[in-house]
$ cat coords.cif   # mmCIF, C-alpha atoms
data_upload
loop_
_atom_site.label_atom_id
_atom_site.label_comp_id
_atom_site.auth_asym_id
_atom_site.auth_seq_id
_atom_site.Cartn_x
_atom_site.Cartn_y
_atom_site.Cartn_z
CA MET H 1 16.19 211.36 -166.03
CA ASP H 2 16.37 214.24 -168.49
CA TRP H 3 17.44 212.23 -171.56
CA ASN H 4 17.34 215.31 -173.78
CA TYR H 5 19.92 216.93 -171.53
CA LEU H 6 22.10 213.80 -171.53
CA ALA H 7 21.94 213.61 -175.33
CA GLN H 8 24.36 216.54 -175.59
CA PHE H 9 27.01 214.31 -173.98
CA GLY H 10 26.40 211.53 -176.50
CA ILE H 11 24.10 209.51 -174.22
CA ASN H 12 21.22 207.95 -176.17
CA LYS H 13 18.44 206.21 -174.25
CA GLU H 14 17.23 204.16 -177.22
CA ARG H 15 20.72 202.83 -177.91
CA LEU H 16 21.22 201.87 -174.29
CA GLU H 17 17.90 200.05 -174.27
CA LYS H 18 18.69 198.25 -177.52
CA ASP H 19 22.07 197.13 -176.15
CA GLY H 20 20.44 195.76 -173.00
CA GLN H 21 22.30 198.27 -170.81
CA LEU H 22 19.44 200.45 -169.59
CA ASP H 23 18.27 197.96 -166.97
CA LEU H 24 21.81 197.72 -165.60
CA LEU H 25 21.98 201.50 -165.24
CA LEU H 26 18.62 201.71 -163.48
CA LYS H 27 19.68 198.97 -161.04
CA GLY H 28 22.78 200.91 -160.05
CA TYR H 29 25.36 199.03 -162.13
CA LYS H 30 27.74 200.34 -164.77
CA THR H 31 27.28 199.45 -168.41
CA ASN H 32 29.08 196.31 -169.61
CA LYS H 33 30.52 198.18 -172.59
CA VAL H 34 32.03 201.56 -173.31
CA TYR H 35 30.34 204.36 -175.29
CA PRO H 36 31.75 207.44 -177.03
CA THR H 37 31.05 210.55 -174.95
CA SER H 38 31.85 214.26 -175.29
CA VAL H 39 31.74 217.32 -173.04
CA ASN H 40 31.62 220.82 -174.56
CA PHE H 41 33.11 223.53 -172.38
CA GLY H 42 32.79 226.18 -175.08
CA GLU H 43 36.42 226.69 -175.93
CA VAL H 44 37.34 223.10 -175.01
CA ILE H 45 35.65 219.87 -176.12
CA MET H 46 36.59 216.61 -174.41
CA ARG H 47 35.91 213.29 -176.12
CA SER H 48 36.43 209.88 -174.56
CA ASP H 49 35.18 206.32 -174.55
CA ALA H 50 33.61 205.61 -171.18
CA ARG H 51 31.48 203.23 -169.18
CA LEU H 52 28.33 204.85 -167.85
CA GLY H 53 26.70 204.69 -164.45
CA PHE H 54 24.46 206.63 -162.07
CA GLN H 55 25.18 207.77 -158.53
CA ASP H 56 23.01 209.60 -156.02
CA GLY H 57 23.52 213.35 -156.11
CA GLU H 58 23.41 215.71 -153.12
CA ASP H 59 19.77 216.58 -153.81
CA GLY H 60 18.78 212.93 -154.14
CA LYS H 61 18.60 213.01 -157.92
CA PRO H 62 20.74 210.56 -159.93
CA VAL H 63 23.94 211.95 -161.40
CA LEU H 64 25.45 210.50 -164.56
CA MET H 65 28.99 209.17 -164.13
CA MET H 66 31.30 208.73 -167.12
CA TYR H 67 34.21 206.39 -166.38
CA GLY H 68 36.82 207.19 -169.02
CA VAL H 69 39.15 204.56 -170.43
CA ARG H 70 42.74 204.69 -169.13
CA HIS H 71 45.83 203.34 -170.81
CA GLU H 72 46.73 201.36 -167.68
CA PRO H 73 45.74 201.35 -163.99
CA ASN H 74 47.63 203.82 -161.84
CA LEU H 75 49.11 201.70 -159.06
CA LYS H 76 52.08 203.93 -158.29
CA ILE H 77 50.27 206.44 -156.09
CA PRO H 78 48.33 205.81 -152.83
CA PHE H 79 44.68 204.84 -153.27
CA PHE H 80 42.58 206.36 -150.44
CA GLY H 81 45.59 206.02 -148.17
CA HIS H 82 46.65 202.52 -149.28
CA GLU H 83 50.04 202.12 -150.94
CA PHE H 84 50.16 199.15 -153.30
CA THR H 85 52.85 196.56 -152.56
CA LYS H 86 54.62 194.59 -155.27
CA GLU H 87 52.35 191.63 -154.57
CA ASP H 88 49.26 193.89 -154.73
CA ARG H 89 50.28 195.16 -158.16
CA GLU H 90 51.05 191.67 -159.46
CA ASN H 91 47.68 190.32 -158.33
CA LEU H 92 45.72 193.27 -159.74
CA LEU H 93 47.44 193.12 -163.12
CA LYS H 94 47.15 189.33 -163.37
CA THR H 95 43.67 188.58 -162.03
CA GLY H 96 42.03 191.99 -161.67
CA ASN H 97 41.64 191.45 -157.90
CA MET H 98 44.06 192.34 -155.12
CA GLY H 99 43.26 189.27 -153.03
CA HIS H 100 42.93 190.67 -149.50
CA VAL H 101 41.15 193.33 -147.42
CA VAL H 102 42.76 196.72 -146.69
CA GLU H 103 41.61 199.78 -144.76
CA LEU H 104 40.81 202.75 -147.00
CA THR H 105 40.43 206.25 -145.64
CA ASN H 106 37.31 208.32 -146.35
CA ARG H 107 38.71 211.68 -147.51
CA LYS H 108 35.84 213.67 -145.98
CA THR H 109 35.36 211.97 -142.62
CA GLY H 110 38.68 210.22 -142.09
CA GLU H 111 36.82 206.94 -141.41
CA LYS H 112 38.79 203.73 -141.96
CA ILE H 113 36.77 201.40 -144.17
CA PRO H 114 37.82 197.73 -144.68
CA SER H 115 37.52 197.14 -148.44
CA VAL H 116 38.54 194.91 -151.32
CA ILE H 117 40.09 196.35 -154.49
CA SER H 118 39.77 195.33 -158.14
CA ILE H 119 40.52 196.72 -161.59
CA ASP H 120 37.78 197.69 -164.04
CA HIS H 121 38.76 195.48 -166.99
CA LEU H 122 37.15 197.86 -169.49
CA THR H 123 38.56 201.17 -168.27
CA ASN H 124 41.58 200.18 -166.10
CA GLU H 125 40.16 202.20 -163.22
CA VAL H 126 40.95 201.13 -159.65
CA ILE H 127 37.70 200.21 -157.87
CA ALA H 128 37.03 199.60 -154.16
CA PHE H 129 34.10 197.86 -152.47
CA ARG H 130 33.28 197.83 -148.76
CA GLN H 131 33.81 194.46 -147.12
CA ASP H 132 30.67 194.75 -144.98
CA ARG H 133 28.58 195.00 -148.16
CA ILE H 134 29.96 191.86 -149.80
CA LYS H 135 27.26 189.24 -150.29
CA VAL H 136 28.50 185.68 -150.64
CA PRO H 137 26.04 183.05 -151.93
CA ASP H 138 25.49 179.75 -150.12
CA GLU H 139 25.96 177.84 -153.36
CA ILE H 140 27.91 178.41 -156.59
CA LYS H 141 27.06 176.39 -159.70
CA GLY H 142 25.75 173.44 -157.70
CA ILE H 143 28.56 173.48 -155.10
CA LYS H 144 27.51 174.29 -151.52
CA LEU H 145 30.10 176.52 -149.85
CA THR H 146 31.55 175.81 -146.43
CA GLU H 147 31.78 178.53 -143.79
CA ASP H 148 35.53 178.74 -144.33
CA GLN H 149 35.05 179.23 -148.06
CA LYS H 150 32.49 181.98 -147.47
CA ARG H 151 34.86 183.70 -145.05
CA ASP H 152 37.72 183.55 -147.55
CA LEU H 153 35.55 185.12 -150.25
CA LYS H 154 34.52 187.96 -147.91
CA ASP H 155 38.21 188.48 -147.16
CA GLY H 156 38.90 188.96 -150.86
CA LYS H 157 40.69 185.63 -151.26
CA ALA H 158 40.27 183.16 -154.11
CA ILE H 159 38.92 179.66 -153.46
CA TYR H 160 39.14 176.60 -155.72
CA LEU H 161 35.94 174.71 -156.54
CA GLU H 162 35.60 171.36 -158.32
CA GLY H 163 32.60 169.82 -160.08
CA LEU H 164 30.95 173.11 -161.05
CA ASP H 165 27.78 172.77 -163.08
CA PHE H 166 28.68 174.71 -166.24
CA LYS H 167 26.08 173.93 -168.88
CA ASN H 168 28.11 175.07 -171.89
CA SER H 169 31.63 174.09 -170.82
CA MET H 170 33.58 170.87 -170.35
CA ASN H 171 35.72 172.58 -167.71
CA LYS H 172 34.18 171.86 -164.30
CA ASN H 173 36.85 173.35 -162.03
CA ALA H 174 37.77 176.98 -161.40
CA HIS H 175 39.02 179.52 -158.88
CA VAL H 176 36.32 181.88 -157.58
CA GLN H 177 36.91 185.38 -156.18
CA PHE H 178 34.85 188.46 -155.35
CA ASN H 179 35.32 191.33 -157.80
CA ALA H 180 34.88 194.86 -156.43
CA ASP H 181 33.96 196.29 -159.83
CA LYS H 182 31.38 193.65 -160.73
CA LYS H 183 30.10 193.46 -157.14
CA TYR H 184 29.83 189.67 -157.27
CA THR H 185 32.03 186.57 -157.36
CA GLU H 186 33.70 185.76 -160.67
CA PHE H 187 35.41 182.67 -162.13
CA LEU H 188 39.15 182.67 -162.78
CA PHE H 189 40.41 179.98 -165.16
CA GLY H 190 43.93 178.82 -166.04
CA ASP H 191 46.59 181.52 -165.91
CA LYS H 192 44.05 183.97 -164.45
CA ALA H 193 44.17 182.09 -161.16
CA PRO H 194 45.86 184.01 -158.33
CA LYS H 195 49.59 183.40 -158.07
CA GLN H 196 49.42 182.26 -154.45
CA ALA H 197 46.55 179.90 -155.20
CA GLN H 198 48.48 178.43 -158.13
CA GLU H 199 51.60 177.81 -156.04
CA ASN H 200 49.58 176.01 -153.36
CA ASP H 201 47.52 173.97 -155.82
CA PRO H 202 49.19 170.60 -156.63
CA LYS H 203 46.96 170.27 -159.68
CA TYR H 204 48.27 173.49 -161.26
CA TYR H 205 51.10 173.35 -163.80
CA ARG H 206 52.20 175.67 -166.63
CA GLY H 207 49.05 177.79 -166.53
CA LYS H 208 46.71 174.80 -166.45
CA THR H 209 44.75 173.21 -163.62
CA PHE H 210 44.41 169.45 -164.07
CA SER H 211 41.03 167.82 -163.56
CA ASP H 212 40.51 165.29 -160.76
CA GLU H 213 40.82 162.41 -163.24
CA GLN H 214 44.00 163.81 -164.81
CA TYR H 215 45.59 164.35 -161.41
CA LYS H 216 44.64 160.81 -160.38
CA GLN H 217 46.38 159.41 -163.47
CA LEU H 218 49.52 161.40 -162.66
CA THR H 219 49.64 160.22 -159.05
CA GLU H 220 49.29 156.63 -160.31
CA GLY H 221 52.49 157.08 -162.30
CA LYS H 222 50.86 157.43 -165.70
CA THR H 223 51.96 159.84 -168.43
CA LEU H 224 49.45 162.58 -169.23
CA TYR H 225 49.19 164.04 -172.73
CA VAL H 226 48.10 167.70 -172.65
CA SER H 227 47.11 169.42 -175.89
CA ASP H 228 46.08 172.86 -174.59
CA PHE H 229 49.12 174.36 -172.86
CA LYS H 230 49.80 178.02 -173.71
CA ASP H 231 53.07 179.90 -173.68
CA GLY H 232 53.69 183.45 -172.44
CA GLN H 233 52.35 184.91 -175.69
CA GLY H 234 49.17 182.83 -175.57
CA ASN H 235 50.29 180.43 -178.29
CA PRO H 236 49.14 176.81 -177.80
CA TYR H 237 51.57 173.90 -177.49
CA LYS H 238 51.37 170.20 -176.63
CA GLY H 239 53.41 167.88 -174.46
CA TYR H 240 53.65 164.98 -172.03
CA VAL H 241 53.59 165.38 -168.25
CA THR H 242 54.68 162.93 -165.55
CA LEU H 243 54.81 163.28 -161.77
CA ASN H 244 58.26 163.22 -160.23
CA LYS H 245 57.69 161.25 -157.03
CA GLU H 246 61.06 162.26 -155.57
CA THR H 247 60.54 166.03 -155.81
CA GLY H 248 56.73 166.13 -155.94
CA GLY H 249 56.95 168.34 -159.04
CA TYR H 250 56.17 167.65 -162.67
CA ASN H 251 58.40 166.62 -165.58
CA PHE H 252 57.59 167.87 -169.08
CA ASP H 253 58.63 166.48 -172.47
CA PHE H 254 57.54 167.27 -176.01
CA LYS H 255 57.94 163.55 -176.87
CA ASN H 256 56.31 160.64 -175.09
CA PRO H 257 58.91 159.48 -172.52
CA ASN H 258 57.36 156.00 -172.43
CA ALA H 259 57.76 155.59 -176.19
CA LEU H 260 61.39 156.68 -175.98
CA LYS H 261 62.02 154.27 -173.11
CA ASN H 262 60.44 151.33 -174.95
CA LYS H 263 62.36 152.18 -178.09
CA ALA H 264 65.61 152.16 -176.17
CA GLN H 265 65.02 148.63 -174.75
CA PRO H 266 66.16 145.85 -177.18
CA ALA H 267 63.85 142.89 -177.71
CA GLU H 268 64.56 139.75 -175.65
CA ALA H 269 65.29 137.71 -178.78
CA HIS H 270 67.80 140.31 -179.98
CA LYS H 271 69.57 140.31 -176.61
CA THR H 272 69.88 136.51 -176.74
CA GLN H 273 71.31 136.60 -180.25
CA VAL H 274 73.90 139.22 -179.33
CA ALA H 275 74.89 137.40 -176.17
CA VAL H 276 75.34 134.01 -177.87
CA ASN H 277 76.67 134.97 -181.30
CA SER H 278 78.78 138.02 -180.50
CA ASN H 279 79.74 137.80 -176.86
CA GLY H 280 80.18 134.04 -176.55
CA LYS H 281 77.70 133.79 -173.68
CA THR H 282 75.09 131.08 -173.20
CA ASN H 283 71.70 130.74 -171.64
CA GLU H 284 69.93 127.65 -170.33
CA ALA H 285 68.32 126.80 -173.67
CA THR H 286 71.47 127.21 -175.80
CA LYS H 287 74.45 126.47 -173.56
CA HIS H 288 75.43 123.25 -175.42
CA VAL H 289 74.52 124.34 -178.95
CA ASN H 290 77.57 125.00 -181.08
CA GLU H 291 75.65 126.34 -184.05
CA PRO H 292 74.92 130.06 -184.07
CA LEU H 293 71.30 130.95 -183.53
CA LYS H 294 69.35 132.33 -186.43
CA PRO H 295 67.29 135.53 -186.11
CA GLU H 296 64.44 135.18 -183.60
CA GLN H 297 65.71 131.69 -182.51
CA GLN H 298 66.05 131.20 -178.75
CA THR H 299 65.65 127.36 -178.42
CA PRO H 300 67.15 124.35 -180.24
CA LYS H 301 65.44 123.72 -183.53
CA ASN H 302 65.77 119.90 -183.90
CA LYS H 303 66.53 116.64 -182.08
CA THR H 304 70.25 116.84 -182.86
CA GLN H 305 70.57 120.18 -181.14
CA GLN H 306 68.37 118.89 -178.31
CA GLN H 307 70.63 115.84 -177.82
CA ARG H 308 73.76 117.98 -177.87
CA GLN H 309 72.19 120.18 -175.26
CA ASN H 310 71.85 117.22 -172.90
CA GLU H 311 75.38 115.85 -173.54
CA PRO H 312 78.42 117.04 -171.56
CA ASN H 313 80.87 119.32 -173.34
CA ARG H 314 83.36 117.34 -175.39
CA PRO H 315 86.38 118.35 -177.43
CA ALA H 316 85.91 118.87 -181.14
CA LYS H 317 86.71 115.77 -183.25
CA SER H 318 90.03 116.02 -185.18
CA ARG H 319 89.71 115.61 -188.89
CA GLY H 320 93.36 114.57 -189.28
CA VAL H 321 95.72 115.58 -192.07
CA ARG H 322 95.06 114.60 -195.65
CA ARG H 323 98.16 113.32 -197.42
#
$ encode --input "coords.cif" --output "structure tokens"
Amino acid sequence: MDWNYLAQFGINKERLEKDGQLDLLLKGYKTNKVYPTSVNFGEVIMRSDARLGFQDGEDGKPVLMMYGVRHEPNLKIPFFGHEFTKEDRENLLKTGNMGHVVELTNRKTGEKIPSVISIDHLTNEVIAFRQDRIKVPDEIKGIKLTEDQKRDLKDGKAIYLEGLDFKNSMNKNAHVQFNADKKYTEFLFGDKAPKQAQENDPKYYRGKTFSDEQYKQLTEGKTLYVSDFKDGQGNPYKGYVTLNKETGGYNFDFKNPNALKNKAQPAEAHKTQVAVNSNGKTNEATKHVNEPLKPEQQTPKNKTQQQRQNEPNRPAKSRGVRR
């Protein structure tokens, strides 16, 4: 490479090496960060932040590519003959990956090339990658992939893996999908999971995927306290989740429904007091006791009350009339 020539475009070899980007370039990848670049056409100077990469030129020499940053991906016009559907656009904007294979047309030869499509998250450029060049590993973070899982990844789909061996994370579950820009499979957590995968995943709720243990608790009828929900603006909130066995969906409450239920149920002693003192009802222990029960009292307190309990009901004794 003629680094002196590239310096006039703002490309500095020493800076790339210091940033750890030079090896990526020499291996055929784009830089993982953007750099300020400029092109002087004499009367016109163009400046832009861009990712850098090399491609083979017509004479076999590497050609520097500057991928300028866009305000947003252009999904309104056909991309190599493919017109984006509403679902395509939603997937690309949400996860960065389209989620299925499409045939793209080579503009020079007219060849139809099955490819997957992703969005460059740094520049918002639409990127395609040939399906026949996708390499799927046999194992991802300690989880051995089945043939069906490998096939789904090659088809651009997302798969859900549990028990991943992340050394620096407590989260062990994630969706995995091939990214055309990165040229390898990437992890999609929480609300980054594909919409279709979320809808079909019984463990997914409100942007969160429950762990195996959490889901087990829910299916056992327990109430799950979740402290890391996030709203549409990314703000955290907390709440209680229960499984609705009739609908199969989830119920959400900001307050513990079990605490509210327990609070609403009067104590047994209080129910006895109300029944005997206020409503005139009796129970087995107090049916012959004429004295009102005191707070927390459910049984006769002395022998007199015990004897009266065992005697048949008798009319009250007349005190007569004092002259």
$ atom_distance --input "coords.cif" --atom1 "atom CA of Lys157 of chain H" --atom2 "atom CA of Lys182 of chain H"
15.5 Å
$ resolve_selection --input "coords.cif" --expression "the PyMOL selection byres ((chain H and resi 119-136) around 8)" --output "ChimeraX atom specification"
/H:33-34,50-51,67-74,92-93,96-97,101,113-118,137-138,150,153-155,180-181,183-185
$ resolve_selection --input "coords.cif" --expression "the PyMOL selection byres ((chain H and resi 216-231) around 9)" --output "PyMOL selection string"
chain H and resi 206-208+211-215+232-245+256-258
$ axis_aligned_box --input "coords.cif" --around "segment 157-163 of chain H" --padding-each-side "4 Å" --output "AutoDock Vina command-line options"
--center_x 36.6 --center_y 177.7 --center_z -155.7 --size_x 16.1 --size_y 23.8 --size_z 16.8
$ atom_distance --input "coords.cif" --atom1 "atom CA of Leu16 of chain H" --atom2 "atom CA of Ile45 of chain H"
23.1 Å
$ atom_distance --input "coords.cif" --atom1 "atom CA of Pro62 of chain H" --atom2 "atom CA of Lys108 of chain H"
20.8 Å
$ closest_residue --input "coords.cif" --among "H:Asp152, H:Glu186, H:Glu139, H:Asp2" --to "Asp165 of chain H" --atoms "only C-alpha atoms"
H:Glu139
$ residues_around --input "coords.cif" --residues "Leu6 of chain H" --least-positions-apart "2" --cutoff "12 Å" --atoms "all atoms listed in the file" --output "PyMOL selection string"
chain H and resi 1-4+8-13+37-39+52+63-66
